[in-house]
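Student: Take this structure first; my questions come after.
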Amino acid sequence: MATRKPMMAGNWKMHKNAAEAVDLVRAIGNDLDGSTAVEVVVCPPFTALKSVGVTLEYDKYEIKLGAQNVFWEDEGAYTGEISPLMLKQLDVEYVIVGHSERRQFFGETNDTVNKRLHAALGHGLKPILCVGENLEERESGRTTDVVAAQIKGGLAGIDGDFSESLVIAYEPIWAIGTGRVAKPEDANEVIRHIREVVGSLNGAETAQKVRILYGGRVKPGNVSRLMEEPEIDGALVGGASLSAEDFVSLIKY
Ligand code: PGA
């Protein structure tokens, strides 16, 4: 059995200006005791990447920098988009791709997710590929089909063992930012299924090694139960990552 290093990734979404983001990452960094048992990632908005990145480098915190999206072209007439090269220049290491809010509000499809993944990997950025079903899909029993299609579409043409360079996050849409939490054993089951799909595409070894996070209302009160599940390798955290105290307690689950 492969041992997978747990990851806690904070998705700050459209919160925190540059100065507030620096305060938050300092508060998180100062509370961590240098333990490297868990890989910690923060994903501020684009406008705070530079200031957070400089802070991470200067203060030498064990925290990695992530972005929340990336475009697939290196440069060009694409108003409002951010290229992988631009992220690389800011020492960004991870990038969230295909978050359900992008799919829901900004027309992201499995095809555009796939293009973004290829571009990110091609530039040495590590994508955090998000998948997950909505309430209607869950209630009609289509969770595994939807998630399998998102994995297959997203990973199309990505060959070989990507377990060191890509992370998957399973986030049931009905549990994001709502009061509802997926049952840990149900989340574990879906993640086991995702691993099977990855195995059928890229081989059993990749499937065993790739980290798959859970996301959707992860909080200090439910994190340890979620982390007991054998398939859950960490969390992609929205709301609770905006409080240093909460996020640090997630990291120290
Ligand atoms: P939440 O968001 O933790 O606020 O539910 C999770 C996410 O959208 O990644």
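In the structure tokens, each chain is lettered A, B, ... as it comes, each chain's residues begin at 1, and ligands are numbered from 1 in order of appearance.
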Can you tell me, as a PyMOL selection string, which residues in segment 8-246 of chain A count as strand (DSSP E or B) by DSSP?
Tutor: chain A and resi 8-11+39-43+64-67+94-97+126-131+167-170+211-215+234-237
Student: Would you output that residue set with N, CA and C atoms, as an mmCIF file, in the first residue's frame?
Tutor:
```cif
data_model
loop_
_atom_site.group_PDB
_atom_site.id
_atom_site.type_symbol
_atom_site.label_atom_id
_atom_site.label_comp_id
_atom_site.auth_asym_id
_atom_site.auth_seq_id
_atom_site.Cartn_x
_atom_site.Cartn_y
_atom_site.Cartn_z
ATOM 1 N N MET A 8 -3.662 19.537 3.356
ATOM 2 C CA MET A 8 -4.752 20.456 3.694
ATOM 3 C C MET A 8 -4.570 21.681 2.806
ATOM 4 N N ALA A 9 -5.540 21.921 1.946
ATOM 5 C CA ALA A 9 -5.447 23.043 1.013
ATOM 6 C C ALA A 9 -6.577 24.025 1.305
ATOM 7 N N GLY A 10 -6.229 25.273 1.488
ATOM 8 C CA GLY A 10 -7.217 26.317 1.754
ATOM 9 C C GLY A 10 -7.558 27.045 0.467
ATOM 10 N N ASN A 11 -8.828 27.033 0.118
ATOM 11 C CA ASN A 11 -9.298 27.773 -1.051
ATOM 12 C C ASN A 11 -9.979 29.037 -0.525
ATOM 13 N N GLU A 39 1.067 18.287 4.167
ATOM 14 C CA GLU A 39 1.421 19.331 3.204
ATOM 15 C C GLU A 39 0.328 20.396 3.242
ATOM 16 N N VAL A 40 0.750 21.635 3.434
ATOM 17 C CA VAL A 40 -0.209 22.729 3.587
ATOM 18 C C VAL A 40 -0.141 23.640 2.361
ATOM 19 N N VAL A 41 -1.297 23.950 1.797
ATOM 20 C CA VAL A 41 -1.367 24.803 0.605
ATOM 21 C C VAL A 41 -2.392 25.895 0.859
ATOM 22 N N VAL A 42 -2.079 27.119 0.473
ATOM 23 C CA VAL A 42 -3.109 28.172 0.486
ATOM 24 C C VAL A 42 -3.290 28.710 -0.927
ATOM 25 N N CYS A 43 -4.538 28.947 -1.281
ATOM 26 C CA CYS A 43 -4.879 29.444 -2.616
ATOM 27 C C CYS A 43 -5.612 30.776 -2.492
ATOM 28 N N LYS A 64 2.671 25.923 0.983
ATOM 29 C CA LYS A 64 2.831 26.057 -0.469
ATOM 30 C C LYS A 64 1.789 27.022 -1.022
ATOM 31 N N LEU A 65 2.148 27.637 -2.151
ATOM 32 C CA LEU A 65 1.263 28.623 -2.759
ATOM 33 C C LEU A 65 0.477 27.999 -3.917
ATOM 34 N N GLY A 66 -0.812 28.255 -3.918
ATOM 35 C CA GLY A 66 -1.653 27.756 -5.002
ATOM 36 C C GLY A 66 -2.520 28.874 -5.570
ATOM 37 N N ALA A 67 -2.927 28.721 -6.832
ATOM 38 C CA ALA A 67 -3.861 29.662 -7.455
ATOM 39 C C ALA A 67 -5.216 28.956 -7.598
ATOM 40 N N TYR A 94 0.791 25.039 -6.888
ATOM 41 C CA TYR A 94 -0.459 24.303 -7.134
ATOM 42 C C TYR A 94 -1.472 25.208 -7.820
ATOM 43 N N VAL A 95 -2.436 24.600 -8.499
ATOM 44 C CA VAL A 95 -3.541 25.397 -9.040
ATOM 45 C C VAL A 95 -4.821 24.552 -9.050
ATOM 46 N N ILE A 96 -5.856 25.132 -8.472
ATOM 47 C CA ILE A 96 -7.163 24.473 -8.473
ATOM 48 C C ILE A 96 -7.721 24.536 -9.898
ATOM 49 N N VAL A 97 -8.205 23.416 -10.399
ATOM 50 C CA VAL A 97 -8.788 23.390 -11.746
ATOM 51 C C VAL A 97 -10.149 22.701 -11.673
ATOM 52 N N LYS A 126 1.157 22.120 -10.390
ATOM 53 C CA LYS A 126 0.468 20.903 -9.942
ATOM 54 C C LYS A 126 -1.024 21.188 -9.789
ATOM 55 N N PRO A 127 -1.830 20.624 -10.663
ATOM 56 C CA PRO A 127 -3.265 20.899 -10.571
ATOM 57 C C PRO A 127 -3.923 20.150 -9.412
ATOM 58 N N ILE A 128 -4.911 20.803 -8.830
ATOM 59 C CA ILE A 128 -5.834 20.133 -7.901
ATOM 60 C C ILE A 128 -7.150 20.047 -8.667
ATOM 61 N N LEU A 129 -7.387 18.879 -9.238
ATOM 62 C CA LEU A 129 -8.566 18.677 -10.095
ATOM 63 C C LEU A 129 -9.794 18.406 -9.227
ATOM 64 N N CYS A 130 -10.806 19.277 -9.364
ATOM 65 C CA CYS A 130 -12.014 19.112 -8.543
ATOM 66 C C CYS A 130 -13.120 18.420 -9.329
ATOM 67 N N VAL A 131 -13.742 17.471 -8.674
ATOM 68 C CA VAL A 131 -14.898 16.785 -9.251
ATOM 69 C C VAL A 131 -15.972 16.661 -8.176
ATOM 70 N N VAL A 167 -3.249 16.399 -7.923
ATOM 71 C CA VAL A 167 -4.052 16.001 -6.767
ATOM 72 C C VAL A 167 -5.509 16.069 -7.208
ATOM 73 N N ILE A 168 -6.322 15.175 -6.702
ATOM 74 C CA ILE A 168 -7.751 15.208 -7.024
ATOM 75 C C ILE A 168 -8.516 15.617 -5.774
ATOM 76 N N ALA A 169 -9.575 16.393 -5.951
ATOM 77 C CA ALA A 169 -10.436 16.738 -4.809
ATOM 78 C C ALA A 169 -11.870 16.345 -5.150
ATOM 79 N N TYR A 170 -12.444 15.524 -4.302
ATOM 80 C CA TYR A 170 -13.854 15.174 -4.465
ATOM 81 C C TYR A 170 -14.687 16.107 -3.601
ATOM 82 N N ARG A 211 -3.024 11.490 -4.485
ATOM 83 C CA ARG A 211 -3.782 11.944 -3.314
ATOM 84 C C ARG A 211 -5.167 12.433 -3.737
ATOM 85 N N ILE A 212 -6.160 12.007 -2.991
ATOM 86 C CA ILE A 212 -7.530 12.439 -3.272
ATOM 87 C C ILE A 212 -8.096 13.063 -1.997
ATOM 88 N N LEU A 213 -8.421 14.336 -2.105
ATOM 89 C CA LEU A 213 -8.919 15.095 -0.964
ATOM 90 C C LEU A 213 -10.438 15.069 -0.950
ATOM 91 N N TYR A 214 -10.995 15.370 0.199
ATOM 92 C CA TYR A 214 -12.434 15.600 0.290
ATOM 93 C C TYR A 214 -12.645 17.102 0.518
ATOM 94 N N GLY A 215 -13.716 17.639 -0.028
ATOM 95 C CA GLY A 215 -14.034 19.048 0.232
ATOM 96 C C GLY A 215 -15.528 19.235 0.334
ATOM 97 N N GLY A 234 -6.933 14.059 2.726
ATOM 98 C CA GLY A 234 -6.820 15.441 3.145
ATOM 99 C C GLY A 234 -8.079 16.179 2.762
ATOM 100 N N ALA A 235 -7.988 17.506 2.809
ATOM 101 C CA ALA A 235 -9.186 18.291 2.542
ATOM 102 C C ALA A 235 -8.871 19.536 1.729
ATOM 103 N N LEU A 236 -9.841 19.881 0.881
ATOM 104 C CA LEU A 236 -9.841 21.187 0.227
ATOM 105 C C LEU A 236 -10.894 21.992 0.974
ATOM 106 N N VAL A 237 -10.445 23.073 1.590
ATOM 107 C CA VAL A 237 -11.261 23.754 2.589
ATOM 108 C C VAL A 237 -11.576 25.170 2.143
#
```
Student: Go through the chains and note each residue within 7 Å of ligand 1, using only C-alpha atoms and all ligand atoms, then give the set as an MDAnalysis selection string.
Tutor: chainID A and resid 11 171 175:178 215:218 236:240
Student: Tell me, which residues of segment 28-222 of chain A carry DSSP alpha helix (DSSP H), written as a PyMOL selection string?
Tutor: chain A and resi 28-31+46-59+84-89+100-105+110-122+135-139+143-154+184-202+204-209
Student: Here is a test: counting only C-alpha atoms, which residue of A:Glu231, A:Glu137, A:Glu81, A:Asp161 is nearest to Thr3 of chain A?
Tutor: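 Selected residue with least distance to Thr3 of chain A: A:Glu231.
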Student: Here is a test: counting only C-alpha atoms, which residue of A:Leu90, A:Phe247, A:Ala21, A:Thr79 is nearest to Gly53 of chain A?
Tutor: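 Residue with the minimum atom-to-atom distance to Gly53 of chain A: A:Leu90.
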Student: If you count only C-alpha atoms, which residues fall within 12 Å of Gly221 of chain A, apart from same-chain ones fewer than 6 positions away, as a PDB file with C-alpha atoms, in the first residue's frame?
Tutor:
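Written file, around_4.pdb:
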```pdb
ATOM      1  CA  VAL A 181     -21.803  17.402   5.132  1.00  0.00           C
ATOM      2  CA  MET A 227      -9.383  11.649   8.019  1.00  0.00           C
ATOM      3  CA  ALA A 240     -12.781  27.259   7.516  1.00  0.00           C
ATOM      4  CA  ASP A 246      -9.671  26.858  12.339  1.00  0.00           C
ATOM      5  CA  PHE A 247      -7.307  26.112   9.476  1.00  0.00           C
ATOM      6  CA  SER A 249      -6.630  23.010  13.818  1.00  0.00           C
ATOM      7  CA  LEU A 250      -7.522  21.236  10.565  1.00  0.00           C
ATOM      8  CA  TYR A 253      -6.214  17.117  13.030  1.00  0.00           C
TER       9      TYR A 253
END
```
Student: Taking 3 positions as the minimum chain separation for residues in the same chain, which residues sit within 10 Å of Thr55 of chain A when counting only C-alpha atoms? Answer as a list in words.
Tutor: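 The neighbour list is Ala21, Val22, Asp23, Val25, Arg26, Gly29, Leu49, Lys50, Ser51, Val52, Tyr58, Asp59, Lys60 and Tyr61 of chain A.
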Student: Write the selection just made, keeping N, CA, C and O atoms, as a compact mmCIF listing (two decimals), in the first residue's frame?
Tutor:
```txt
# COMPACT_ATOMS: atom_id res chain seq x y z
N ALA A 21 -4.56 39.08 3.12
CA ALA A 21 -4.06 37.74 2.80
C ALA A 21 -2.71 37.50 3.48
O ALA A 21 -2.45 36.41 3.99
N VAL A 22 -1.88 38.54 3.50
CA VAL A 22 -0.58 38.41 4.18
C VAL A 22 -0.80 38.19 5.67
O VAL A 22 -0.16 37.32 6.29
N ASP A 23 -1.70 38.94 6.26
CA ASP A 23 -1.99 38.76 7.69
C ASP A 23 -2.44 37.33 7.96
O ASP A 23 -2.03 36.70 8.93
N VAL A 25 -1.92 34.52 6.17
CA VAL A 25 -0.91 33.48 5.99
C VAL A 25 0.13 33.55 7.10
O VAL A 25 0.66 32.53 7.54
N ARG A 26 0.41 34.76 7.60
CA ARG A 26 1.33 34.88 8.75
C ARG A 26 0.73 34.23 9.99
O ARG A 26 1.42 33.54 10.73
N GLY A 29 1.02 30.55 9.46
CA GLY A 29 2.43 30.11 9.52
C GLY A 29 2.99 30.16 10.93
O GLY A 29 3.71 29.24 11.35
N LEU A 49 -1.53 36.78 -4.76
CA LEU A 49 -0.51 35.73 -4.92
C LEU A 49 0.89 36.28 -4.68
O LEU A 49 1.71 35.64 -4.03
N LYS A 50 1.14 37.45 -5.22
CA LYS A 50 2.49 38.01 -5.11
C LYS A 50 2.83 38.29 -3.64
O LYS A 50 3.87 37.85 -3.15
N SER A 51 1.96 38.99 -2.95
CA SER A 51 2.28 39.36 -1.57
C SER A 51 2.36 38.14 -0.66
O SER A 51 3.23 38.03 0.20
N VAL A 52 1.48 37.17 -0.89
CA VAL A 52 1.54 35.95 -0.07
C VAL A 52 2.80 35.15 -0.41
O VAL A 52 3.49 34.65 0.48
N TYR A 58 9.96 34.84 2.49
CA TYR A 58 10.70 35.61 3.49
C TYR A 58 10.63 34.95 4.87
O TYR A 58 11.61 34.82 5.58
N ASP A 59 9.43 34.51 5.23
CA ASP A 59 9.24 33.96 6.58
C ASP A 59 9.50 32.45 6.65
O ASP A 59 9.44 31.86 7.71
N LYS A 60 9.79 31.86 5.49
CA LYS A 60 10.12 30.42 5.43
C LYS A 60 9.08 29.51 6.10
O LYS A 60 9.42 28.57 6.82
N TYR A 61 7.84 29.82 5.88
CA TYR A 61 6.79 28.94 6.39
C TYR A 61 6.71 27.70 5.53
O TYR A 61 6.94 27.76 4.32
```
Student: Env of segment 186-198 of chain A: 9 Å cut, atoms = only C-alpha atoms, seq-sep filter 4 positions within chain, self excluded. Answer as a PyMOL selection string.
Tutor: chain A and resi 143-144+147-148+151-152+155+168-172+182+202-204+206-208+210+212-214+226+229-232
Student: With only C-alpha atoms as the counted atoms, please give the residues lying no more than 10 Å from Ala27 of chain A, apart from itself and same-chain residues fewer than 3 positions off, as an MDAnalysis selection string.
Tutor: chainID A and resid 21:24 30:32 243:245 248
Student: One number please: atom CA of Ser224 of chain A to atom CA of Ser241 of chain A, in Å, one decimal.
Tutor: 15.8 Å
Student: Excluding segment 120-125 of chain A and any residue of its chain fewer than 2 positions from it, enumerate the residues within 10 Å of it, using only C-alpha atoms, and give them as a PyMOL selection string.
Tutor: chain A and resi 66-67+69-74+83-85+87-88+91-97+114-118+127-128+158+162+165-166
Student: Counting only C-alpha atoms, which of A:Val38, A:Ser100, A:Gly160, A:Met86 gets nearest to Glu205 of chain A?
Tutor: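 With only C-alpha atoms as the atom set, the closest residue is A:Gly160.
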